[in-house]
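Note: the block below is model26.pdb and it holds PDB, C-alpha atoms.
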ATOM      1  CA  LEU A   1     -24.042 -21.604  -7.606  1.00  0.00           C
ATOM      2  CA  VAL A   2     -25.839 -24.968  -7.410  1.00  0.00           C
ATOM      3  CA  TYR A   3     -29.314 -25.780  -8.751  1.00  0.00           C
ATOM      4  CA  LYS A   4     -31.380 -27.694  -6.174  1.00  0.00           C
ATOM      5  CA  THR A   5     -34.277 -29.818  -7.338  1.00  0.00           C
ATOM      6  CA  SER A   6     -36.284 -32.864  -6.200  1.00  0.00           C
ATOM      7  CA  PHE A   7     -37.644 -35.996  -7.845  1.00  0.00           C
ATOM      8  CA  ASP A   8     -39.933 -36.860  -4.929  1.00  0.00           C
ATOM      9  CA  LYS A   9     -41.156 -34.646  -2.113  1.00  0.00           C
ATOM     10  CA  ALA A  10     -41.594 -37.664   0.121  1.00  0.00           C
ATOM     11  CA  ASN A  11     -42.398 -35.797   3.341  1.00  0.00           C
ATOM     12  CA  ARG A  12     -45.283 -33.583   2.192  1.00  0.00           C
ATOM     13  CA  THR A  13     -47.781 -32.689   4.917  1.00  0.00           C
ATOM     14  CA  SER A  14     -50.781 -34.084   3.035  1.00  0.00           C
ATOM     15  CA  ALA A  15     -51.020 -37.273   0.994  1.00  0.00           C
ATOM     16  CA  SER A  16     -52.825 -35.227  -1.676  1.00  0.00           C
ATOM     17  CA  SER A  17     -49.986 -32.702  -2.117  1.00  0.00           C
ATOM     18  CA  PRO A  18     -47.901 -32.870  -5.337  1.00  0.00           C
ATOM     19  CA  ARG A  19     -44.748 -34.959  -4.887  1.00  0.00           C
ATOM     20  CA  GLY A  20     -42.860 -34.732  -8.167  1.00  0.00           C
ATOM     21  CA  LEU A  21     -42.213 -36.441 -11.489  1.00  0.00           C
ATOM     22  CA  GLY A  22     -40.827 -39.666 -10.082  1.00  0.00           C
ATOM     23  CA  LEU A  23     -37.288 -40.935 -10.400  1.00  0.00           C
ATOM     24  CA  ASP A  24     -36.920 -41.881 -14.074  1.00  0.00           C
ATOM     25  CA  ASP A  25     -38.574 -38.792 -15.550  1.00  0.00           C
ATOM     26  CA  SER A  26     -36.776 -36.569 -13.060  1.00  0.00           C
ATOM     27  CA  LEU A  27     -33.341 -37.921 -13.939  1.00  0.00           C
ATOM     28  CA  ARG A  28     -33.968 -37.041 -17.578  1.00  0.00           C
ATOM     29  CA  ALA A  29     -35.131 -33.591 -16.474  1.00  0.00           C
ATOM     30  CA  PHE A  30     -32.007 -33.147 -14.333  1.00  0.00           C
ATOM     31  CA  GLU A  31     -29.805 -33.926 -17.335  1.00  0.00           C
ATOM     32  CA  ALA A  32     -31.708 -31.319 -19.354  1.00  0.00           C
ATOM     33  CA  ILE A  33     -31.310 -28.744 -16.566  1.00  0.00           C
ATOM     34  CA  LYS A  34     -27.554 -29.332 -16.469  1.00  0.00           C
ATOM     35  CA  ARG A  35     -27.239 -28.924 -20.238  1.00  0.00           C
ATOM     36  CA  ALA A  36     -29.384 -25.790 -20.366  1.00  0.00           C
ATOM     37  CA  SER A  37     -27.983 -24.009 -17.302  1.00  0.00           C
ATOM     38  CA  GLY A  38     -24.420 -25.265 -17.072  1.00  0.00           C
ATOM     39  CA  LEU A  39     -24.959 -25.523 -13.309  1.00  0.00           C
ATOM     40  CA  PRO A  40     -24.248 -28.469 -11.016  1.00  0.00           C
ATOM     41  CA  VAL A  41     -27.440 -30.101  -9.749  1.00  0.00           C
ATOM     42  CA  LEU A  42     -28.258 -31.191  -6.178  1.00  0.00           C
ATOM     43  CA  THR A  43     -31.163 -33.418  -5.173  1.00  0.00           C
ATOM     44  CA  ASP A  44     -32.410 -35.355  -2.152  1.00  0.00           C
ATOM     45  CA  VAL A  45     -32.313 -39.097  -1.679  1.00  0.00           C
ATOM     46  CA  HIS A  46     -34.671 -40.778   0.776  1.00  0.00           C
ATOM     47  CA  GLU A  47     -33.775 -44.451   0.508  1.00  0.00           C
ATOM     48  CA  CYS A  48     -30.497 -46.307   0.036  1.00  0.00           C
ATOM     49  CA  TRP A  49     -31.466 -47.854  -3.326  1.00  0.00           C
ATOM     50  CA  GLN A  50     -31.952 -44.380  -4.810  1.00  0.00           C
ATOM     51  CA  VAL A  51     -28.340 -43.336  -4.295  1.00  0.00           C
ATOM     52  CA  LYS A  52     -26.750 -45.206  -7.224  1.00  0.00           C
ATOM     53  CA  PRO A  53     -29.102 -44.093 -10.034  1.00  0.00           C
ATOM     54  CA  VAL A  54     -29.309 -40.523  -8.721  1.00  0.00           C
ATOM     55  CA  ALA A  55     -25.534 -40.217  -8.274  1.00  0.00           C
ATOM     56  CA  SER A  56     -25.045 -41.197 -11.908  1.00  0.00           C
ATOM     57  CA  VAL A  57     -26.728 -37.935 -12.977  1.00  0.00           C
ATOM     58  CA  VAL A  58     -26.474 -35.239 -10.300  1.00  0.00           C
ATOM     59  CA  ASP A  59     -23.432 -33.540  -8.796  1.00  0.00           C
ATOM     60  CA  VAL A  60     -24.394 -33.312  -5.117  1.00  0.00           C
ATOM     61  CA  LEU A  61     -26.602 -35.537  -2.950  1.00  0.00           C
ATOM     62  CA  GLN A  62     -28.735 -34.216  -0.108  1.00  0.00           C
ATOM     63  CA  ILE A  63     -30.026 -35.976   2.996  1.00  0.00           C
ATOM     64  CA  PRO A  64     -33.376 -34.500   4.119  1.00  0.00           C
ATOM     65  CA  ALA A  65     -33.643 -33.055   7.612  1.00  0.00           C
ATOM     66  CA  PHE A  66     -35.975 -35.773   8.904  1.00  0.00           C
ATOM     67  CA  LEU A  67     -33.418 -38.415   7.828  1.00  0.00           C
ATOM     68  CA  CYS A  68     -30.240 -36.807   9.147  1.00  0.00           C
ATOM     69  CA  ARG A  69     -29.620 -39.634  11.642  1.00  0.00           C
ATOM     70  CA  GLN A  70     -30.284 -42.562   9.277  1.00  0.00           C
ATOM     71  CA  THR A  71     -26.965 -44.386   9.294  1.00  0.00           C
ATOM     72  CA  ASP A  72     -27.565 -46.677   6.311  1.00  0.00           C
ATOM     73  CA  LEU A  73     -28.665 -43.766   4.121  1.00  0.00           C
ATOM     74  CA  LEU A  74     -25.720 -41.626   5.188  1.00  0.00           C
ATOM     75  CA  VAL A  75     -23.275 -44.443   4.526  1.00  0.00           C
ATOM     76  CA  ALA A  76     -24.761 -45.143   1.088  1.00  0.00           C
ATOM     77  CA  ALA A  77     -24.582 -41.467   0.155  1.00  0.00           C
ATOM     78  CA  GLY A  78     -21.085 -41.141   1.577  1.00  0.00           C
ATOM     79  CA  ALA A  79     -19.870 -44.059  -0.536  1.00  0.00           C
ATOM     80  CA  SER A  80     -21.259 -42.533  -3.755  1.00  0.00           C
ATOM     81  CA  GLY A  81     -18.166 -40.442  -4.466  1.00  0.00           C
ATOM     82  CA  LEU A  82     -20.235 -37.234  -4.551  1.00  0.00           C
ATOM     83  CA  PRO A  83     -20.361 -34.304  -2.130  1.00  0.00           C
ATOM     84  CA  VAL A  84     -23.218 -34.720   0.350  1.00  0.00           C
ATOM     85  CA  ASN A  85     -25.285 -32.007   2.012  1.00  0.00           C
ATOM     86  CA  VAL A  86     -27.119 -32.982   5.209  1.00  0.00           C
ATOM     87  CA  LYS A  87     -29.987 -30.786   6.363  1.00  0.00           C
ATOM     88  CA  LYS A  88     -30.010 -30.450  10.163  1.00  0.00           C
ATOM     89  CA  GLY A  89     -33.150 -31.985  11.595  1.00  0.00           C
ATOM     90  CA  GLN A  90     -35.476 -29.550  13.322  1.00  0.00           C
ATOM     91  CA  PHE A  91     -35.060 -31.811  16.358  1.00  0.00           C
ATOM     92  CA  ALA A  92     -31.273 -32.203  16.115  1.00  0.00           C
ATOM     93  CA  SER A  93     -28.414 -30.595  17.983  1.00  0.00           C
ATOM     94  CA  ALA A  94     -25.130 -29.470  16.462  1.00  0.00           C
ATOM     95  CA  ALA A  95     -23.480 -32.494  18.102  1.00  0.00           C
ATOM     96  CA  VAL A  96     -25.834 -34.842  16.242  1.00  0.00           C
ATOM     97  CA  MET A  97     -24.735 -33.218  12.994  1.00  0.00           C
ATOM     98  CA  GLY A  98     -21.129 -33.861  13.912  1.00  0.00           C
ATOM     99  CA  HIS A  99     -21.963 -37.571  14.060  1.00  0.00           C
ATOM    100  CA  ALA A 100     -23.742 -37.337  10.690  1.00  0.00           C
ATOM    101  CA  ALA A 101     -20.632 -35.813   9.149  1.00  0.00           C
ATOM    102  CA  SER A 102     -18.485 -38.540  10.690  1.00  0.00           C
ATOM    103  CA  LYS A 103     -20.686 -41.283   9.204  1.00  0.00           C
ATOM    104  CA  LEU A 104     -20.291 -39.747   5.760  1.00  0.00           C
ATOM    105  CA  GLN A 105     -16.550 -39.346   6.109  1.00  0.00           C
ATOM    106  CA  GLN A 106     -16.058 -42.888   7.339  1.00  0.00           C
ATOM    107  CA  ALA A 107     -17.925 -44.072   4.234  1.00  0.00           C
ATOM    108  CA  GLY A 108     -15.449 -42.181   2.053  1.00  0.00           C
ATOM    109  CA  CYS A 109     -17.149 -38.831   1.500  1.00  0.00           C
ATOM    110  CA  GLU A 110     -14.535 -36.116   1.029  1.00  0.00           C
ATOM    111  CA  HIS A 111     -16.886 -33.128   0.758  1.00  0.00           C
ATOM    112  CA  VAL A 112     -19.508 -32.754   3.509  1.00  0.00           C
ATOM    113  CA  LEU A 113     -21.942 -29.875   3.851  1.00  0.00           C
ATOM    114  CA  LEU A 114     -24.139 -29.304   6.917  1.00  0.00           C
ATOM    115  CA  THR A 115     -27.158 -27.030   6.565  1.00  0.00           C
ATOM    116  CA  GLU A 116     -28.950 -25.224   9.382  1.00  0.00           C
ATOM    117  CA  ARG A 117     -32.724 -24.914   8.798  1.00  0.00           C
ATOM    118  CA  GLY A 118     -34.123 -23.928  12.188  1.00  0.00           C
ATOM    119  CA  THR A 119     -35.078 -25.754  15.366  1.00  0.00           C
ATOM    120  CA  THR A 120     -38.544 -26.745  16.557  1.00  0.00           C
ATOM    121  CA  PHE A 121     -39.919 -24.302  19.112  1.00  0.00           C
ATOM    122  CA  GLY A 122     -43.072 -25.630  20.710  1.00  0.00           C
ATOM    123  CA  TYR A 123     -45.500 -27.196  18.263  1.00  0.00           C
ATOM    124  CA  ASP A 124     -45.997 -24.527  15.631  1.00  0.00           C
ATOM    125  CA  ASP A 125     -42.818 -22.578  15.009  1.00  0.00           C
ATOM    126  CA  LEU A 126     -39.117 -22.746  14.206  1.00  0.00           C
ATOM    127  CA  VAL A 127     -36.372 -20.576  15.624  1.00  0.00           C
ATOM    128  CA  VAL A 128     -32.863 -20.029  14.321  1.00  0.00           C
ATOM    129  CA  ASP A 129     -30.129 -20.130  16.941  1.00  0.00           C
ATOM    130  CA  CYS A 130     -27.069 -18.493  15.411  1.00  0.00           C
ATOM    131  CA  ARG A 131     -24.879 -20.384  17.892  1.00  0.00           C
ATOM    132  CA  ASN A 132     -25.618 -23.571  15.966  1.00  0.00           C
ATOM    133  CA  LEU A 133     -23.595 -22.288  13.017  1.00  0.00           C
ATOM    134  CA  GLU A 134     -20.502 -22.135  15.199  1.00  0.00           C
ATOM    135  CA  ARG A 135     -21.353 -25.329  17.064  1.00  0.00           C
ATOM    136  CA  MET A 136     -21.708 -27.303  13.834  1.00  0.00           C
ATOM    137  CA  ARG A 137     -18.384 -25.911  12.660  1.00  0.00           C
ATOM    138  CA  GLU A 138     -16.799 -27.101  15.900  1.00  0.00           C
ATOM    139  CA  ALA A 139     -18.521 -30.499  15.684  1.00  0.00           C
ATOM    140  CA  ALA A 140     -17.466 -31.038  12.061  1.00  0.00           C
ATOM    141  CA  PRO A 141     -14.445 -28.814  11.347  1.00  0.00           C
ATOM    142  CA  ASP A 142     -13.902 -30.222   7.851  1.00  0.00           C
ATOM    143  CA  ALA A 143     -17.487 -29.638   6.715  1.00  0.00           C
ATOM    144  CA  LEU A 144     -18.890 -26.623   4.911  1.00  0.00           C
ATOM    145  CA  ILE A 145     -21.617 -24.859   6.920  1.00  0.00           C
ATOM    146  CA  VAL A 146     -24.690 -23.661   5.017  1.00  0.00           C
ATOM    147  CA  MET A 147     -27.695 -21.570   6.090  1.00  0.00           C
ATOM    148  CA  ASP A 148     -31.115 -22.487   4.679  1.00  0.00           C
ATOM    149  CA  ALA A 149     -32.804 -19.109   5.028  1.00  0.00           C
ATOM    150  CA  THR A 150     -36.123 -20.164   3.469  1.00  0.00           C
ATOM    151  CA  HIS A 151     -37.005 -23.410   5.247  1.00  0.00           C
ATOM    152  CA  ALA A 152     -35.851 -21.758   8.484  1.00  0.00           C
ATOM    153  CA  VAL A 153     -38.812 -19.359   8.347  1.00  0.00           C
ATOM    154  CA  GLN A 154     -41.443 -22.065   7.802  1.00  0.00           C
ATOM    155  CA  SER A 155     -44.332 -22.575  10.186  1.00  0.00           C
ATOM    156  CA  PRO A 156     -45.512 -26.171  10.628  1.00  0.00           C
ATOM    157  CA  PRO A 157     -49.139 -26.722   9.549  1.00  0.00           C
ATOM    158  CA  THR A 158     -51.853 -26.002  12.064  1.00  0.00           C
ATOM    159  CA  VAL A 159     -54.764 -28.337  12.739  1.00  0.00           C
ATOM    160  CA  GLY A 160     -56.739 -28.854   9.549  1.00  0.00           C
ATOM    161  CA  ALA A 161     -54.102 -27.287   7.285  1.00  0.00           C
ATOM    162  CA  ALA A 162     -52.666 -29.330   4.414  1.00  0.00           C
ATOM    163  CA  THR A 163     -49.522 -27.245   3.841  1.00  0.00           C
ATOM    164  CA  THR A 164     -46.854 -25.492   5.855  1.00  0.00           C
ATOM    165  CA  GLY A 165     -46.974 -21.753   6.351  1.00  0.00           C
ATOM    166  CA  GLY A 166     -44.177 -19.306   6.966  1.00  0.00           C
ATOM    167  CA  GLY A 167     -42.905 -15.754   6.959  1.00  0.00           C
ATOM    168  CA  ARG A 168     -41.209 -14.883   3.668  1.00  0.00           C
ATOM    169  CA  ARG A 169     -40.422 -11.388   4.932  1.00  0.00           C
ATOM    170  CA  PHE A 170     -37.996 -12.897   7.466  1.00  0.00           C
ATOM    171  CA  VAL A 171     -35.800 -14.583   4.834  1.00  0.00           C
ATOM    172  CA  PRO A 172     -33.426 -11.567   4.575  1.00  0.00           C
ATOM    173  CA  THR A 173     -33.334 -11.258   8.375  1.00  0.00           C
ATOM    174  CA  VAL A 174     -32.132 -14.835   8.849  1.00  0.00           C
ATOM    175  CA  ALA A 175     -29.778 -14.657   5.880  1.00  0.00           C
ATOM    176  CA  ARG A 176     -28.149 -11.414   7.053  1.00  0.00           C
ATOM    177  CA  MET A 177     -27.556 -12.926  10.478  1.00  0.00           C
ATOM    178  CA  ALA A 178     -25.844 -15.964   8.968  1.00  0.00           C
ATOM    179  CA  ALA A 179     -23.725 -13.826   6.648  1.00  0.00           C
ATOM    180  CA  ALA A 180     -22.494 -11.816   9.618  1.00  0.00           C
ATOM    181  CA  VAL A 181     -21.774 -14.895  11.734  1.00  0.00           C
ATOM    182  CA  GLY A 182     -19.888 -16.477   8.847  1.00  0.00           C
ATOM    183  CA  VAL A 183     -21.143 -19.380   6.716  1.00  0.00           C
ATOM    184  CA  ASP A 184     -19.807 -21.072   3.609  1.00  0.00           C
ATOM    185  CA  GLY A 185     -23.003 -20.832   1.605  1.00  0.00           C
ATOM    186  CA  PHE A 186     -26.752 -20.256   1.511  1.00  0.00           C
ATOM    187  CA  PHE A 187     -29.679 -22.488   0.577  1.00  0.00           C
ATOM    188  CA  LEU A 188     -32.523 -20.408  -0.855  1.00  0.00           C
ATOM    189  CA  GLU A 189     -35.779 -21.530  -2.457  1.00  0.00           C
ATOM    190  CA  THR A 190     -36.881 -19.113  -5.162  1.00  0.00           C
ATOM    191  CA  HIS A 191     -39.797 -18.862  -7.585  1.00  0.00           C
ATOM    192  CA  ASP A 192     -40.915 -16.347 -10.206  1.00  0.00           C
ATOM    193  CA  ARG A 193     -44.458 -16.497  -8.754  1.00  0.00           C
ATOM    194  CA  PRO A 194     -44.039 -17.652  -5.132  1.00  0.00           C
ATOM    195  CA  GLU A 195     -47.749 -17.827  -4.346  1.00  0.00           C
ATOM    196  CA  GLN A 196     -48.194 -20.378  -7.137  1.00  0.00           C
ATOM    197  CA  ALA A 197     -45.345 -22.657  -6.049  1.00  0.00           C
ATOM    198  CA  LEU A 198     -46.433 -26.264  -5.540  1.00  0.00           C
ATOM    199  CA  SER A 199     -44.195 -26.596  -2.469  1.00  0.00           C
ATOM    200  CA  ASP A 200     -43.249 -24.157   0.296  1.00  0.00           C
ATOM    201  CA  ALA A 201     -45.165 -21.301  -1.336  1.00  0.00           C
ATOM    202  CA  ALA A 202     -45.193 -19.284   1.887  1.00  0.00           C
ATOM    203  CA  VAL A 203     -41.398 -19.015   2.048  1.00  0.00           C
ATOM    204  CA  GLN A 204     -40.248 -19.038  -1.599  1.00  0.00           C
ATOM    205  CA  TRP A 205     -38.158 -15.914  -2.261  1.00  0.00           C
ATOM    206  CA  PRO A 206     -39.209 -13.940  -5.373  1.00  0.00           C
ATOM    207  CA  LEU A 207     -36.845 -14.680  -8.241  1.00  0.00           C
ATOM    208  CA  ASP A 208     -36.605 -11.043  -9.298  1.00  0.00           C
ATOM    209  CA  GLN A 209     -35.387 -10.164  -5.792  1.00  0.00           C
ATOM    210  CA  LEU A 210     -32.802 -12.937  -5.547  1.00  0.00           C
ATOM    211  CA  GLU A 211     -29.797 -11.197  -7.074  1.00  0.00           C
ATOM    212  CA  PRO A 212     -30.097  -8.053  -4.881  1.00  0.00           C
ATOM    213  CA  LEU A 213     -30.340 -10.251  -1.780  1.00  0.00           C
ATOM    214  CA  VAL A 214     -27.318 -12.343  -2.769  1.00  0.00           C
ATOM    215  CA  ARG A 215     -25.265  -9.213  -3.472  1.00  0.00           C
ATOM    216  CA  GLU A 216     -26.212  -7.806  -0.062  1.00  0.00           C
ATOM    217  CA  LEU A 217     -25.244 -11.057   1.680  1.00  0.00           C
ATOM    218  CA  ALA A 218     -21.890 -11.109  -0.125  1.00  0.00           C
ATOM    219  CA  ALA A 219     -21.217  -7.555   1.060  1.00  0.00           C
ATOM    220  CA  ILE A 220     -22.115  -8.430   4.660  1.00  0.00           C
ATOM    221  CA  ALA A 221     -19.914 -11.528   4.565  1.00  0.00           C
ATOM    222  CA  ALA A 222     -17.002  -9.529   3.169  1.00  0.00           C
ATOM    223  CA  ALA A 223     -17.351  -6.896   5.903  1.00  0.00           C
ATOM    224  CA  SER A 224     -17.838  -9.271   8.820  1.00  0.00           C
ATOM    225  CA  ARG A 225     -15.002 -10.654  10.861  1.00  0.00           C
ATOM    226  CA  GLY A 226     -17.084 -13.780  11.198  1.00  0.00           C
ATOM    227  CA  ARG A 227     -16.270 -14.693   7.632  1.00  0.00           C
ATOM    228  CA  ARG A 228     -14.077 -17.788   7.395  1.00  0.00           C
ATOM    229  CA  ALA A 229     -11.510 -17.658   4.618  1.00  0.00           C
ATOM    230  CA  ARG A 230     -11.237 -20.913   2.688  1.00  0.00           C
TER     231      ARG A 230
END

Let's see the structure in the file written out as structure tokens.
Amino acid sequence: LVYKTSFDKANRTSASSPRGLGLDDSLRAFEAIKRASGLPVLTDVHECWQVKPVASVVDVLQIPAFLCRQTDLLVAAGASGLPVNVKKGQFASAAVMGHAASKLQQAGCEHVLLTERGTTFGYDDLVVDCRNLERMREAAPDALIVMDATHAVQSPPTVGAATTGGGRRFVPTVARMAAAVGVDGFFLETHDRPEQALSDAAVQWPLDQLEPLVRELAAIAAASRGRRAR
């Protein structure tokens, strides 16, 4: 179990949307989260200079989907000594993610995670192609493959909208598919009051329904022949 958080939501749809506490205040908050929860903490980095200060506090770095091809950022993260999770760009193929993993590994990263989060379909939707889970495994056999079942059910903003939409009810559908295919982990956004979330409110999974969903996914993974023993 890893606690994912952000210090800057740098790719918000609208310039007026909340972005976060900023780096310095967030790093202090991350330290408090680690002490209170006992959990490892993962956060995104968007620029190379952020890697060093962030890596001094958190346990896992993440490369956002829109930046999954940025060589300098990947190399900086890979040289940090921490595990690195790369979100697959909505525009990216499994082969592209293989190259992302290779950049990290060549920089010295020993623990690479690749996360599927859906693929752009037309202008206003994402689809999840379960074949990508296997294709990413083939493209990067040493990486852990993760399914982001919440961002995968987002809907890009329509004309005039300031936030993304989405279909929360499809989170279990996508997650069950990935559990049956066989993944190494799940990325799930959760909130005690999803409609009040400052980011991704349309797809946040209710906190009081998280444990039953995780237990169901574990049971599916255990029953499926798609499960990869590690």

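Each of A:Ala107, A:Ala95, A:Val183, A:Ala175 was checked against Ala140 (chain A) using only C-alpha atoms; the smallest atom-to-atom distance is that of A:Ala95.
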
Residue neighbourhood region 59-71 of chain A, 8 Å, all atoms listed in the file, exclusion window fewer than 5 positions, as a ChimeraX atom specification: /A:40-46,77,82-90,96-97,100,103

Selection near Gly118 (chain A), 7 Å with all atoms listed in the file, sequence-local residues under 2 positions removed, as a count of residues only: 7

How would you write, as a PDB file with C-alpha atoms, keeping the file's coordinate frame, the residues chosen by the PyMOL selection byres ((chain A and resi 17) around 9) on this structure?
ATOM      1  CA  ARG A  12     -45.283 -33.583   2.192  1.00  0.00           C
ATOM      2  CA  THR A  13     -47.781 -32.689   4.917  1.00  0.00           C
ATOM      3  CA  SER A  14     -50.781 -34.084   3.035  1.00  0.00           C
ATOM      4  CA  ALA A  15     -51.020 -37.273   0.994  1.00  0.00           C
ATOM      5  CA  SER A  16     -52.825 -35.227  -1.676  1.00  0.00           C
ATOM      6  CA  PRO A  18     -47.901 -32.870  -5.337  1.00  0.00           C
ATOM      7  CA  ARG A  19     -44.748 -34.959  -4.887  1.00  0.00           C
ATOM      8  CA  ALA A 162     -52.666 -29.330   4.414  1.00  0.00           C
ATOM      9  CA  THR A 163     -49.522 -27.245   3.841  1.00  0.00           C
ATOM     10  CA  LEU A 198     -46.433 -26.264  -5.540  1.00  0.00           C
ATOM     11  CA  SER A 199     -44.195 -26.596  -2.469  1.00  0.00           C
TER      12      SER A 199
END

Enter the distance from CA of Lys9 (chain A) to CA of Ser26 (chain A), in Å, rounded to one decimal.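 The value is 11.9 Å.
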
Run the PyMOL selection byres ((chain A and resi 208) around 12) against the file shown and list the residues it catches, as an MDAnalysis selection string. chainID A and resid 190:194 204:207 209:214

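The residue set within 8 Å of Leu144 (chain A), counting all atoms listed in the file and dropping same-chain residues fewer than 4 places from it, reads His111, Val112, Leu113, Leu114, Arg137, Val183, Asp184 and Gly185 of chain A.
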
Atomic distance CA of Val58 (chain A) - CA of Val203 (chain A), expressed in Å with one decimal: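 Those two atoms sit 25.3 Å apart.
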
Could you tell me how far CA of Ala222 (chain A) lies from CA of Lys34 (chain A), in Å and to one decimal?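 Here the two named atoms are 29.8 Å from each other.
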
Test item: residues at most 10 Å from Ala149 (chain A), only C-alpha atoms, excluding those fewer than 2 positions along its chain, as a PyMOL selection string: chain A and resi 115-118+128+146-147+151-154+168+170-178+186-189+203-205

Go ahead and write the residues just picked, C-alpha atoms, as a PDB file, in the frame of the given file.
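Below you can see out39.pdb, which holds the result:
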ATOM      1  CA  THR A 115     -27.158 -27.030   6.565  1.00  0.00           C
ATOM      2  CA  GLU A 116     -28.950 -25.224   9.382  1.00  0.00           C
ATOM      3  CA  ARG A 117     -32.724 -24.914   8.798  1.00  0.00           C
ATOM      4  CA  GLY A 118     -34.123 -23.928  12.188  1.00  0.00           C
ATOM      5  CA  VAL A 128     -32.863 -20.029  14.321  1.00  0.00           C
ATOM      6  CA  VAL A 146     -24.690 -23.661   5.017  1.00  0.00           C
ATOM      7  CA  MET A 147     -27.695 -21.570   6.090  1.00  0.00           C
ATOM      8  CA  HIS A 151     -37.005 -23.410   5.247  1.00  0.00           C
ATOM      9  CA  ALA A 152     -35.851 -21.758   8.484  1.00  0.00           C
ATOM     10  CA  VAL A 153     -38.812 -19.359   8.347  1.00  0.00           C
ATOM     11  CA  GLN A 154     -41.443 -22.065   7.802  1.00  0.00           C
ATOM     12  CA  ARG A 168     -41.209 -14.883   3.668  1.00  0.00           C
ATOM     13  CA  PHE A 170     -37.996 -12.897   7.466  1.00  0.00           C
ATOM     14  CA  VAL A 171     -35.800 -14.583   4.834  1.00  0.00           C
ATOM     15  CA  PRO A 172     -33.426 -11.567   4.575  1.00  0.00           C
ATOM     16  CA  THR A 173     -33.334 -11.258   8.375  1.00  0.00           C
ATOM     17  CA  VAL A 174     -32.132 -14.835   8.849  1.00  0.00           C
ATOM     18  CA  ALA A 175     -29.778 -14.657   5.880  1.00  0.00           C
ATOM     19  CA  ARG A 176     -28.149 -11.414   7.053  1.00  0.00           C
ATOM     20  CA  MET A 177     -27.556 -12.926  10.478  1.00  0.00           C
ATOM     21  CA  ALA A 178     -25.844 -15.964   8.968  1.00  0.00           C
ATOM     22  CA  PHE A 186     -26.752 -20.256   1.511  1.00  0.00           C
ATOM     23  CA  PHE A 187     -29.679 -22.488   0.577  1.00  0.00           C
ATOM     24  CA  LEU A 188     -32.523 -20.408  -0.855  1.00  0.00           C
ATOM     25  CA  GLU A 189     -35.779 -21.530  -2.457  1.00  0.00           C
ATOM     26  CA  VAL A 203     -41.398 -19.015   2.048  1.00  0.00           C
ATOM     27  CA  GLN A 204     -40.248 -19.038  -1.599  1.00  0.00           C
ATOM     28  CA  TRP A 205     -38.158 -15.914  -2.261  1.00  0.00           C
TER      29      TRP A 205
END

Using the chain letters and numbers from the file, give me the residues hit by the PyMOL selection byres ((chain A and resi 134) around 9), as a count of residues only. 14

Hey, which of A:Ser224, A:Asp200, A:Val75, A:Arg35 ends up closest to Gly167 (chain A)? Count only C-alpha atoms.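 Of A:Ser224, A:Asp200, A:Val75, A:Arg35, the one nearest Gly167 (chain A), counting only C-alpha atoms, is A:Asp200.
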
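Remark: residues at most 6 Å from position (-46.1, -21.3, 8.3) in file coordinates are A:Gln154, A:Ser155, A:Pro156, A:Thr164, A:Gly165, A:Gly166, using all atoms listed in the file.
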
With a distance cut-off of 10 Å and all atoms listed in the file, select the neighbouring residues of Asp24 (chain A), excluding the residue or stretch itself and same-chain residues fewer than 3 positions from it, and output the selection as a tab-separated table (two decimals) with C-alpha atoms, in the frame of the given file.
chain	number	residue	atom	x	y	z
A	7	PHE	CA	-37.64	-36.00	-7.84
A	21	LEU	CA	-42.21	-36.44	-11.49
A	27	LEU	CA	-33.34	-37.92	-13.94
A	28	ARG	CA	-33.97	-37.04	-17.58
A	29	ALA	CA	-35.13	-33.59	-16.47
A	53	PRO	CA	-29.10	-44.09	-10.03
A	54	VAL	CA	-29.31	-40.52	-8.72

Restricting the calculation to all atoms listed in the file, which member of A:Asp8, A:Cys109, A:Gly38, A:Phe121 is positioned closest to Asp25 (chain A)?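 Of the candidates, the smallest distance to Asp25 (chain A) is held by A:Asp8.
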
Selected residue of minimal separation from Ala32 (chain A) among A:Val57, A:Ala201, A:Gln105, A:Ser93, counting all atoms listed in the file: A:Val57

Would you mind telling me which residue in A:Ala197, A:Glu31, A:Glu110, A:Ala92 lies nearest to Ala79 (chain A) when using all atoms listed in the file?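 Of A:Ala197, A:Glu31, A:Glu110, A:Ala92, the one nearest Ala79 (chain A), counting all atoms listed in the file, is A:Glu110.
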
Using all atoms listed in the file, which residue out of A:Ala76, A:Ile33, A:Ala223, A:Tyr123 lies closest to Trp49 (chain A)? A:Ala76

Can you report as lines of an AutoDock Vina configuration file the centre and edge lengths in Å, to one decimal, of an axis-aligned box around the listed atoms of region 192-205 of chain A padded with 6 Å on each side?
center_x = -43.2
center_y = -21.3
center_z = -4.1
size_x = 22.0
size_y = 22.7
size_z = 24.3

Complete the atom set of region 180-185 of chain A to N, CA and C atoms and return it as a compact mmCIF listing (two decimals), in the coordinates of the input.
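Done, and the output landed in out-v9.txt:
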# COMPACT_ATOMS: atom_id res chain seq x y z
N ALA A 180 -23.34 -12.49 8.63
CA ALA A 180 -22.49 -11.82 9.62
C ALA A 180 -21.75 -12.80 10.51
N VAL A 181 -22.43 -13.87 10.91
CA VAL A 181 -21.77 -14.90 11.73
C VAL A 181 -20.64 -15.55 10.96
N GLY A 182 -20.90 -15.86 9.69
CA GLY A 182 -19.89 -16.48 8.85
C GLY A 182 -20.27 -17.89 8.45
N VAL A 183 -20.81 -18.06 7.25
CA VAL A 183 -21.14 -19.38 6.72
C VAL A 183 -20.44 -19.55 5.37
N ASP A 184 -20.47 -20.78 4.88
CA ASP A 184 -19.81 -21.07 3.61
C ASP A 184 -20.76 -21.01 2.43
N GLY A 185 -22.05 -20.90 2.69
CA GLY A 185 -23.00 -20.83 1.60
C GLY A 185 -24.42 -20.67 2.11
